[in-house]
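Have a look at the structure below, then the notes.
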Amino acid sequence: MIKDYINIPWKEIKRKKMRSWLTLIGIFIGIAAIVSLITLGQGLENAIEQQFSSLGKDKLFVLPKGGFFGMGASELLNEDDLELIQGASGVKIATGLTQAFAKMEYNDLVSYGFISGISTDPEERALVWDAQTYGLSEGRLLREGDKFKVLLGYEHSQEDMFEKRVELGDKIMLHGTEFKVIGFLEKIGSPPDDQAAVIPLEAYQEIFESGEDLNFIIAQTSLAEDPLLVAEDIEKEMRKKHDLDEGDEDFEIQTPEQFAETFNVILDIVQIVLIGIAGISLLVGGIGIMNTMYTAVLERTREIGIIKALGARNSQVMALFLVESGLYGLGGGLIGVIVGIGFAKLTELAFVLAVGPAFLSIKIDWLLIGGTLLFSLIIGCLSGIAPARSASKQNPVDSLRYE
Amino acid sequence: MQHKKLVNGKKTVIRLKNVWKTYHMGDISLDVLKGVNVEINSGEFVVITGPSGSGKSTMMNQVGVLDTPTKGKIYLKETDISTLTESDLAQLRGKTIGFIFQQFNLIPTLSALENVTLPTIFQNVPEEIRLKRATELLTMVGLEERMHHKPSELSGGQQQRVAIARALVNDPEIILADEPTGNLDSKAGKQVMEMLARLHTEEKKTIILVTHDTGLVRYSQKTVNLKDGEVVSIQTNGYSK
């Protein structure tokens with residue numbers, strides 16, 4: 001029985017191929033957008049999770065409030081804050097970083113990038129290395145006693161930055177001062193990082209005349225300590241020192257997990273907005289199905305009269321049209337899922353080519369696919385209810401007379 | 001309430017009792033049928049005839065219970081159709097009456113076989129039974145070779161034979177044919193009429209033929225003559241009643 005109620009509408013759909021395809025487009029664009037957005041969103045969330053957890057859960061980041069990693073904040077941190085944090089209980093080691101967006105000159109060309117000043121103390125440097133997920137691809141690390149020496153990001157070792165690659169031992173002008181290139185960092189995958197320059201803190205303070213200012217402080221907690229509790233203690237101490245009430249802090253302390261959460265919240269909001277837009281396209285798609293079905297009902301007025309004369313109940317007429325509109329929904333959903341996942345996979349491939357493998361990995365979520373197909377079927381059926389009802393209510397005599 | 005009414009020992013299958021049909025067009029109302037009384041008995045071959053505008057089509061819609069009268073009663077196998085819902089009436093119609101139309105009225109997307117099985121779908125007949133029956137019927141009308149062809153690939157005569165097979169698939173008591181030869185050449189028309197005659201004599205079907213072609217009256221046992229929405233005469237075996 002069910003077979004017949006699918007077979008008959010299916011033949012009707014095939015009869016008007018062009019119109020059927022156009023009707024499907026409305027649905028599949030919306031479904032493809034939703035599937036690819038959700039799939040990519042999940043992939044990105046996983047990627048962010050991984051990135052931050054690779055930093056280690058024992059790291060704390062102390063930042064001035066406002067701005068991004070201290071840049072653009074009204075009140076920066078300083079050496080006193082660092083001392084306070086280094087002395088806080090539960091903190092194993094802490095180090096301060098400075099950072100500025102500044103001019104770089106090489107090969108008679110000018111470029112701009114982030115310049116970071118880091119401590120040359122081996123332990124502190126190791127902490128920065130760990131927290132920033134830096135790796136050395138060529139040359140050597142900064143060491144104590146280095147001053148106008150620089151480690152450059154990955155892109156400097158390519159031809160991208162200054163039309164020719166920077167060589168070890170070359171001179172590069174940073175913020176108007178000459179530095180000697182001693183090494184290159186491994187590719188990180190984000191252009192700001194890969195175009196950056198890392199110099200000793202001492203040199204930074206000299207060329208930028210930044211005094212004791214620090215853009216952010218990285219602390220590593222002792223193994224036995226709960227990083228969140230340590231963070232609370234530091235917060236209390238710093239409030240006291242800055243003479244601030246709770247809630248008025250001019251700094252904030254974050255753990256990698258919190259970073260991940262913050263990013264995920266932003267990602268969620270972006271996703272919700274985009275999916276909302278895709279939802280509108282689905283609504284339009286549904287209206288497209290309704291339009292097609294109303295046209296079909298009108299065109300098949302005579303056939304409705306025939307099947308009613310042949311003994312079809314109103315509910316049976318309605319079922320035939322509902323299945324037809326449901327098939328439009330389901331068909332659109334099926335194409336949409338395939339296109340959506342295809343698009344997500346292509347994006348993954350683009351990431352792999354641009355950044356390297358294992359940053360964004362797309363997983364096929366069968367629950368999402370099943371849910372989407374069901375949803376598109378429901379949209380199709382809902383869009384078909386009104387036309388199907390009007391078909392089922394037709395008077396057989398008038399319908400048979402219709403030319 | 002009228003119960004089994006027997007005429008010459010035969011059951012009445014359709015009875016129209018003082019049936020009026022009035023159409024309203026704006027302020028004008030038009031009486032197309034004016035108090036028609038007709039009884040059709042089981043196993044009869046009845047021709048309903050009359051000039052155009054006499055109300056034949058309206059009469060056929062009433063006899064075929066495709067429509068309900070404005071006034072009066074119609075009994076289909078002793079059931080007052082006004083007591084049925086539209087859907088229950090459709091079910092009863094599908095089971096009791098097989099339709100053959102002038103325009104053939106096949107569904108263009110379906111093959112001959114699927115067209116023939118269509119009425120059984122609405123009666124929930126199991127698939128194997130309906131396929132067997134439809135195949136037998138198509139063989140009977142000489143179309144076993146063309147079962148899987150679409151109506152557009154068949155000639156008019158072949159299409160009408162598919163329609164005859166479709167009319168028979170639920171094994172109805174009554175075959176209602178509305179100008180079945182109207183769109184056919186004389187040879188195909190004759191074939192169709194002979195099939196109807198055979199269904200009457202061999203299968204004991206009640207045949208109701210609505211036509212303006214008085215030449216077809218020779219097939220009938222009873223002729224209902226309509227004029228201006230009224231039954232002007234009912235002839236039995238060619239003799240005026």
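All residue names refer to the structure tokens as shown: chains lettered A, B, ... in order, residues numbered from 1 in each chain, ligands numbered from 1 in order.
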Residues near Thr120 in chain B, cut-off 8 Å, only C-alpha atoms, skip fewer than 2 positions along chain, as a compact mmCIF listing (two decimals) with N, CA and C atoms, in the first residue's frame:
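Contents of the output file out-v5.txt:
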```txt
# COMPACT_ATOMS: atom_id res chain seq x y z
N THR B 117 -4.93 -0.88 -12.02
CA THR B 117 -4.91 -1.23 -10.59
C THR B 117 -5.32 -0.06 -9.69
N LEU B 118 -5.33 1.15 -10.24
CA LEU B 118 -5.59 2.33 -9.42
C LEU B 118 -6.82 2.22 -8.50
N PHE B 122 -7.39 2.21 -3.70
CA PHE B 122 -8.26 2.93 -2.78
C PHE B 122 -9.18 1.99 -2.00
N GLN B 123 -9.24 0.73 -2.45
CA GLN B 123 -10.02 -0.27 -1.71
C GLN B 123 -9.10 -1.16 -0.88
N ASN B 124 -7.83 -0.82 -0.82
CA ASN B 124 -6.85 -1.58 -0.05
C ASN B 124 -6.78 -3.06 -0.42
N VAL B 125 -6.85 -3.34 -1.71
CA VAL B 125 -6.73 -4.73 -2.17
C VAL B 125 -5.24 -5.11 -2.14
N ARG B 130 -4.36 -7.79 -6.78
CA ARG B 130 -4.73 -6.76 -7.76
C ARG B 130 -3.91 -6.85 -9.04
N VAL B 169 -12.02 -3.69 -12.44
CA VAL B 169 -11.00 -4.28 -11.57
C VAL B 169 -11.50 -4.53 -10.14
N ASN B 170 -12.43 -3.72 -9.69
CA ASN B 170 -12.98 -3.97 -8.35
C ASN B 170 -14.21 -4.88 -8.40
```
Practice item. Mind checking which residues fall within 10 Å of range 251-260 of chain A, counting only C-alpha atoms, ignoring those fewer than 6 positions away in the same chain, and posting them as a VMD selection string? Key: chain A and resid 45 to 66 70 73 75 to 77 131 216 to 219 227 to 228 231 to 232 234 to 235 238 to 239 242 266
Tell me which protein, DNA and RNA residues are within 12 Å of Lys73 in chain B, counting only C-alpha atoms, leaving out same-chain ones fewer than 5 positions away, and put them as a ChimeraX atom specification.
/B:1-2,14-21,35-39,62-63,65,67-68,78-83
Within 10 Å of chain B, which residues of chain A show up when using only C-alpha atoms, listed as a compact mmCIF listing (two decimals) with C-alpha atoms, in the first residue's frame?
```txt
# COMPACT_ATOMS: atom_id res chain seq x y z
CA MET A 1 0.00 0.00 0.00
CA ILE A 2 2.63 2.50 1.09
CA LYS A 3 4.53 1.71 -2.09
CA ASP A 4 1.61 2.94 -4.19
CA TYR A 5 1.34 6.16 -2.24
CA ASN A 7 5.00 5.48 -6.60
CA ILE A 8 2.15 7.64 -7.89
CA PRO A 9 3.46 10.98 -6.52
CA TRP A 10 7.00 10.04 -7.61
CA LYS A 11 5.79 9.67 -11.20
CA GLU A 12 4.13 13.05 -10.97
CA ILE A 13 7.37 14.61 -9.73
CA LYS A 14 9.30 13.07 -12.62
CA ARG A 15 6.72 14.32 -15.10
CA ARG A 300 -4.35 17.87 -11.92
CA ARG A 302 -9.20 16.56 -13.69
CA GLU A 303 -7.09 13.71 -12.36
CA ILE A 304 -8.30 14.42 -8.85
CA GLY A 305 -11.84 14.13 -10.24
CA ILE A 306 -10.90 10.81 -11.86
CA ILE A 307 -9.45 9.21 -8.76
CA LYS A 308 -12.37 10.45 -6.68
CA ALA A 309 -14.78 8.91 -9.21
CA LEU A 310 -12.73 5.72 -8.92
CA GLY A 311 -13.38 5.63 -5.20
CA ALA A 312 -10.59 7.60 -3.53
CA ARG A 313 -11.46 8.93 -0.10
CA ASN A 314 -10.59 12.53 0.70
CA SER A 315 -7.88 11.28 3.03
CA GLN A 316 -6.40 9.14 0.26
CA VAL A 317 -6.30 12.09 -2.15
CA SER A 392 -8.98 16.53 -1.28
CA LYS A 393 -11.93 18.87 -0.96
CA ASN A 395 -15.92 18.14 -5.98
CA PRO A 396 -15.54 15.19 -8.38
CA VAL A 397 -18.12 16.46 -10.87
CA ASP A 398 -16.54 19.90 -11.23
CA LEU A 400 -14.02 15.93 -14.09
```
Spatial neighbours of Asp80 in chain A, 12 Å, only C-alpha atoms, chain gap at least 3 places, as a list in words
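Within the cut-off, the hits are Leu76, Leu77, Glu83, Leu84, Ile85, Gln86, Gly87, Thr95, Gly96, Gly211, Glu212, Asp213, Leu214, Ile217, Glu237, Met238, Lys241 and His242 of chain A.
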Resulting file, chosen residues, N, CA and C atoms, as a PDB file, in the first residue's frame:
```
ATOM      1  N   LEU A  76      47.986  49.084  31.295  1.00  0.00           N
ATOM      2  CA  LEU A  76      48.751  47.851  31.112  1.00  0.00           C
ATOM      3  C   LEU A  76      49.206  47.284  32.458  1.00  0.00           C
ATOM      4  N   LEU A  77      49.689  46.081  32.410  1.00  0.00           N
ATOM      5  CA  LEU A  77      50.303  45.479  33.604  1.00  0.00           C
ATOM      6  C   LEU A  77      51.757  45.969  33.658  1.00  0.00           C
ATOM      7  N   GLU A  83      55.999  40.601  39.619  1.00  0.00           N
ATOM      8  CA  GLU A  83      56.616  40.173  40.876  1.00  0.00           C
ATOM      9  C   GLU A  83      55.585  39.586  41.828  1.00  0.00           C
ATOM     10  N   LEU A  84      54.437  40.266  41.894  1.00  0.00           N
ATOM     11  CA  LEU A  84      53.355  39.805  42.775  1.00  0.00           C
ATOM     12  C   LEU A  84      52.919  38.388  42.389  1.00  0.00           C
ATOM     13  N   ILE A  85      52.774  38.190  41.075  1.00  0.00           N
ATOM     14  CA  ILE A  85      52.306  36.882  40.593  1.00  0.00           C
ATOM     15  C   ILE A  85      53.376  35.821  40.822  1.00  0.00           C
ATOM     16  N   GLN A  86      54.628  36.219  40.564  1.00  0.00           N
ATOM     17  CA  GLN A  86      55.714  35.250  40.788  1.00  0.00           C
ATOM     18  C   GLN A  86      55.759  34.825  42.245  1.00  0.00           C
ATOM     19  N   GLY A  87      55.374  35.759  43.144  1.00  0.00           N
ATOM     20  CA  GLY A  87      55.424  35.454  44.565  1.00  0.00           C
ATOM     21  C   GLY A  87      54.166  34.785  45.097  1.00  0.00           C
ATOM     22  N   THR A  95      56.051  34.756  33.773  1.00  0.00           N
ATOM     23  CA  THR A  95      56.859  35.624  32.928  1.00  0.00           C
ATOM     24  C   THR A  95      55.973  36.651  32.239  1.00  0.00           C
ATOM     25  N   GLY A  96      56.568  37.821  31.975  1.00  0.00           N
ATOM     26  CA  GLY A  96      55.791  38.874  31.330  1.00  0.00           C
ATOM     27  C   GLY A  96      56.149  38.996  29.866  1.00  0.00           C
ATOM     28  N   GLY A 211      59.214  51.069  29.128  1.00  0.00           N
ATOM     29  CA  GLY A 211      59.437  51.074  30.570  1.00  0.00           C
ATOM     30  C   GLY A 211      59.146  49.724  31.186  1.00  0.00           C
ATOM     31  N   GLU A 212      58.352  49.736  32.234  1.00  0.00           N
ATOM     32  CA  GLU A 212      58.057  48.480  32.931  1.00  0.00           C
ATOM     33  C   GLU A 212      56.744  47.852  32.486  1.00  0.00           C
ATOM     34  N   ASP A 213      56.121  48.435  31.458  1.00  0.00           N
ATOM     35  CA  ASP A 213      54.817  47.925  31.007  1.00  0.00           C
ATOM     36  C   ASP A 213      54.926  46.500  30.462  1.00  0.00           C
ATOM     37  N   LEU A 214      53.891  45.743  30.754  1.00  0.00           N
ATOM     38  CA  LEU A 214      53.802  44.387  30.210  1.00  0.00           C
ATOM     39  C   LEU A 214      52.425  44.214  29.591  1.00  0.00           C
ATOM     40  N   ILE A 217      50.859  38.522  31.219  1.00  0.00           N
ATOM     41  CA  ILE A 217      51.731  37.704  32.051  1.00  0.00           C
ATOM     42  C   ILE A 217      51.244  36.267  31.951  1.00  0.00           C
ATOM     43  N   GLU A 237      44.869  39.273  45.372  1.00  0.00           N
ATOM     44  CA  GLU A 237      46.096  40.030  45.653  1.00  0.00           C
ATOM     45  C   GLU A 237      46.208  41.264  44.759  1.00  0.00           C
ATOM     46  N   MET A 238      45.909  41.037  43.501  1.00  0.00           N
ATOM     47  CA  MET A 238      46.075  42.132  42.551  1.00  0.00           C
ATOM     48  C   MET A 238      45.051  43.233  42.777  1.00  0.00           C
ATOM     49  N   LYS A 241      46.350  45.276  45.554  1.00  0.00           N
ATOM     50  CA  LYS A 241      47.457  46.115  45.128  1.00  0.00           C
ATOM     51  C   LYS A 241      46.993  47.280  44.245  1.00  0.00           C
ATOM     52  N   HIS A 242      46.053  47.006  43.369  1.00  0.00           N
ATOM     53  CA  HIS A 242      45.544  48.066  42.484  1.00  0.00           C
ATOM     54  C   HIS A 242      44.500  48.915  43.188  1.00  0.00           C
TER      55      HIS A 242
END
```
Among the residues of range 39-232 of chain B, find those DSSP assigns to helix (DSSP H, G or I) from the backbone and print them as a ChimeraX atom specification. /B:56-63,81-83,86-96,112-121,127-140,144-146,151-153,156-168,186-202,214-219
Restricting the output to C-alpha atoms, write the selected residues as a JSON list (two decimals), in the first residue's frame.
```json
[["chain", "number", "residue", "atom", "x", "y", "z"],
["B", 56, "LYS", "CA", -27.89, 13.72, -19.60],
["B", 57, "SER", "CA", -24.56, 14.61, -18.03],
["B", 58, "THR", "CA", -26.19, 15.79, -14.84],
["B", 59, "MET", "CA", -28.24, 12.60, -14.83],
["B", 60, "MET", "CA", -25.11, 10.50, -15.25],
["B", 61, "ASN", "CA", -23.47, 12.31, -12.30],
["B", 62, "GLN", "CA", -26.51, 11.54, -10.18],
["B", 63, "VAL", "CA", -26.77, 7.91, -11.28],
["B", 81, "ILE", "CA", -26.51, 8.29, -0.24],
["B", 82, "SER", "CA", -27.39, 11.47, 1.63],
["B", 83, "THR", "CA", -26.64, 9.55, 4.84],
["B", 86, "GLU", "CA", -18.24, 12.18, 1.00],
["B", 87, "SER", "CA", -15.44, 9.71, 1.67],
["B", 88, "ASP", "CA", -17.73, 6.78, 2.49],
["B", 89, "LEU", "CA", -19.70, 7.51, -0.64],
["B", 90, "ALA", "CA", -16.44, 7.49, -2.63],
["B", 91, "GLN", "CA", -15.57, 4.08, -1.17],
["B", 92, "LEU", "CA", -18.99, 2.67, -1.95],
["B", 93, "ARG", "CA", -18.82, 4.15, -5.45],
["B", 94, "GLY", "CA", -15.39, 2.66, -6.06],
["B", 95, "LYS", "CA", -16.62, -0.76, -5.00],
["B", 96, "THR", "CA", -20.00, -0.74, -6.74],
["B", 112, "ALA", "CA", -1.85, 0.76, -18.53],
["B", 113, "LEU", "CA", -1.35, -1.79, -15.77],
["B", 114, "GLU", "CA", -1.01, 0.87, -13.07],
["B", 115, "ASN", "CA", -4.07, 2.66, -14.37],
["B", 116, "VAL", "CA", -6.07, -0.54, -14.14],
["B", 117, "THR", "CA", -4.91, -1.23, -10.59],
["B", 118, "LEU", "CA", -5.59, 2.33, -9.42],
["B", 119, "PRO", "CA", -9.15, 1.76, -8.12],
["B", 120, "THR", "CA", -7.98, -1.25, -6.09],
["B", 121, "ILE", "CA", -5.44, 0.89, -4.23],
["B", 127, "GLU", "CA", -0.89, -6.22, -4.24],
["B", 128, "GLU", "CA", -0.63, -9.78, -5.55],
["B", 129, "ILE", "CA", -4.41, -10.06, -5.96],
["B", 130, "ARG", "CA", -4.73, -6.76, -7.76],
["B", 131, "LEU", "CA", -1.82, -7.40, -10.11],
["B", 132, "LYS", "CA", -3.26, -10.78, -11.04],
["B", 133, "ARG", "CA", -6.70, -9.33, -11.62],
["B", 134, "ALA", "CA", -5.44, -6.34, -13.60],
["B", 135, "THR", "CA", -3.32, -8.61, -15.80],
["B", 136, "GLU", "CA", -6.29, -10.89, -16.45],
["B", 137, "LEU", "CA", -8.49, -7.97, -17.36],
["B", 138, "LEU", "CA", -5.91, -6.43, -19.70],
["B", 139, "THR", "CA", -5.55, -9.83, -21.34],
["B", 140, "MET", "CA", -9.31, -10.01, -21.67],
["B", 144, "GLU", "CA", -1.52, -8.02, -22.58],
["B", 145, "GLU", "CA", 1.27, -6.89, -24.91],
["B", 146, "ARG", "CA", 0.84, -3.22, -24.06],
["B", 151, "PRO", "CA", -1.71, 6.08, -22.25],
["B", 152, "SER", "CA", 0.03, 8.46, -24.66],
["B", 153, "GLU", "CA", 1.56, 5.42, -26.38],
["B", 156, "GLY", "CA", -7.90, 5.86, -28.55],
["B", 157, "GLY", "CA", -9.51, 2.43, -28.83],
["B", 158, "GLN", "CA", -6.74, 0.87, -26.76],
["B", 159, "GLN", "CA", -7.05, 3.59, -24.13],
["B", 160, "GLN", "CA", -10.77, 2.97, -23.86],
["B", 161, "ARG", "CA", -10.13, -0.74, -23.45],
["B", 162, "VAL", "CA", -7.71, 0.06, -20.61],
["B", 163, "ALA", "CA", -10.50, 2.17, -19.12],
["B", 164, "ILE", "CA", -12.89, -0.80, -19.41],
["B", 165, "ALA", "CA", -10.39, -3.02, -17.63],
["B", 166, "ARG", "CA", -10.05, -0.35, -14.94],
["B", 167, "ALA", "CA", -13.83, -0.14, -14.58],
["B", 168, "LEU", "CA", -13.93, -3.89, -13.94],
["B", 186, "SER", "CA", -16.66, 3.43, -35.71],
["B", 187, "LYS", "CA", -14.59, 0.24, -35.65],
["B", 188, "ALA", "CA", -13.14, 0.88, -32.20],
["B", 189, "GLY", "CA", -16.55, 2.10, -31.04],
["B", 190, "LYS", "CA", -18.17, -1.11, -32.17],
["B", 191, "GLN", "CA", -15.51, -3.13, -30.34],
["B", 192, "VAL", "CA", -16.21, -1.24, -27.13],
["B", 193, "MET", "CA", -19.95, -1.69, -27.43],
["B", 194, "GLU", "CA", -19.55, -5.39, -28.05],
["B", 195, "MET", "CA", -17.43, -5.64, -24.94],
["B", 196, "LEU", "CA", -20.11, -3.91, -22.91],
["B", 197, "ALA", "CA", -22.74, -6.20, -24.37],
["B", 198, "ARG", "CA", -20.63, -9.21, -23.47],
["B", 199, "LEU", "CA", -20.15, -7.95, -19.92],
["B", 200, "HIS", "CA", -23.89, -7.71, -19.69],
["B", 201, "THR", "CA", -24.69, -11.14, -21.06],
["B", 202, "GLU", "CA", -21.73, -13.14, -19.76],
["B", 214, "THR", "CA", -29.79, 6.73, -30.49],
["B", 215, "GLY", "CA", -28.17, 4.04, -32.62],
["B", 216, "LEU", "CA", -26.83, 2.46, -29.43],
["B", 217, "VAL", "CA", -30.33, 1.96, -28.09],
["B", 218, "ARG", "CA", -30.40, -1.43, -29.81],
["B", 219, "TYR", "CA", -28.07, -2.84, -27.16]]
```
Pick out the residues sitting within 10 Å of range 384-390 of chain A, and hand them over as a PDB file with C-alpha atoms, in the first residue's frame; count only C-alpha atoms, and ignore anything fewer than 2 positions along from it in its own chain.
```pdb
ATOM      1  CA  GLY A 286       8.963  25.662   1.912  1.00  0.00           C
ATOM      2  CA  ILE A 287       6.900  28.384   0.295  1.00  0.00           C
ATOM      3  CA  ILE A 289       7.087  23.733  -2.387  1.00  0.00           C
ATOM      4  CA  MET A 290       3.694  25.120  -1.455  1.00  0.00           C
ATOM      5  CA  ASN A 291       3.593  27.100  -4.673  1.00  0.00           C
ATOM      6  CA  THR A 292       4.552  24.058  -6.738  1.00  0.00           C
ATOM      7  CA  MET A 293       1.920  21.977  -4.985  1.00  0.00           C
ATOM      8  CA  TYR A 294      -0.830  24.525  -5.561  1.00  0.00           C
ATOM      9  CA  THR A 295       0.119  24.584  -9.239  1.00  0.00           C
ATOM     10  CA  ALA A 296       0.132  20.784  -9.308  1.00  0.00           C
ATOM     11  CA  VAL A 297      -3.298  20.616  -7.675  1.00  0.00           C
ATOM     12  CA  LEU A 298      -4.684  23.045 -10.235  1.00  0.00           C
ATOM     13  CA  ASN A 314     -10.586  12.527   0.701  1.00  0.00           C
ATOM     14  CA  SER A 315      -7.878  11.279   3.026  1.00  0.00           C
ATOM     15  CA  VAL A 317      -6.300  12.090  -2.147  1.00  0.00           C
ATOM     16  CA  MET A 318      -4.696  14.161   0.574  1.00  0.00           C
ATOM     17  CA  ALA A 319      -2.124  11.442   1.274  1.00  0.00           C
ATOM     18  CA  LEU A 320      -1.051  11.352  -2.377  1.00  0.00           C
ATOM     19  CA  PHE A 321      -0.379  15.091  -2.415  1.00  0.00           C
ATOM     20  CA  LEU A 322       1.234  15.144   1.010  1.00  0.00           C
ATOM     21  CA  VAL A 323       3.636  12.398  -0.022  1.00  0.00           C
ATOM     22  CA  GLU A 324       4.476  14.411  -3.116  1.00  0.00           C
ATOM     23  CA  SER A 325       5.320  17.543  -1.138  1.00  0.00           C
ATOM     24  CA  GLY A 326       7.119  15.422   1.458  1.00  0.00           C
ATOM     25  CA  TYR A 328      10.186  17.408  -2.456  1.00  0.00           C
ATOM     26  CA  GLY A 329      11.286  18.186   1.089  1.00  0.00           C
ATOM     27  CA  ILE A 378       8.552  17.705   7.792  1.00  0.00           C
ATOM     28  CA  ILE A 379       9.033  21.031   5.995  1.00  0.00           C
ATOM     29  CA  GLY A 380       7.882  19.394   2.757  1.00  0.00           C
ATOM     30  CA  CYS A 381       4.805  17.879   4.406  1.00  0.00           C
ATOM     31  CA  LEU A 382       3.902  21.085   6.226  1.00  0.00           C
ATOM     32  CA  SER A 392      -8.976  16.528  -1.281  1.00  0.00           C
ATOM     33  CA  LYS A 393     -11.932  18.874  -0.960  1.00  0.00           C
ATOM     34  CA  GLN A 394     -12.550  19.142  -4.683  1.00  0.00           C
TER      35      GLN A 394
END
```
Q: Between CA of Ile34 in chain A and CA of Asn264 in chain A, measure the distance and give it in Å to one decimal.
A: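 Straight-line distance from CA of Ile34 in chain A to CA of Asn264 in chain A works out to 17.9 Å.
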**OP:** Just the strand (DSSP E or B) stuff from range 1-231 of chain B, please, per backbone DSSP, written as an NGL selection string.
**Re:** :B and (6-7 or 10-25 or 28-41 or 45-49 or 71-76 or 79-80 or 97-100 or 174-178 or 206-211 or 222-227 or 230-231)
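With only C-alpha atoms as the atoms that count, the minimum distance from Ser119 in chain A to the choices A:Ser36, A:Thr347, A:Ser210, A:Thr98 is reached by A:Thr98.
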Item to complete: Might you pull out every residue within 7 Å of Asp178 in chain B, with only C-alpha atoms counted and same-chain residues fewer than 4 positions away left off, and present them as a list of chain:residue names?
Response: B:Ile100, B:Phe101, B:Gln102, B:Leu209, B:Val210, B:Thr211
Between CA of Thr181 in chain B and CA of Met147 in chain B lies a distance of 21.7 Å
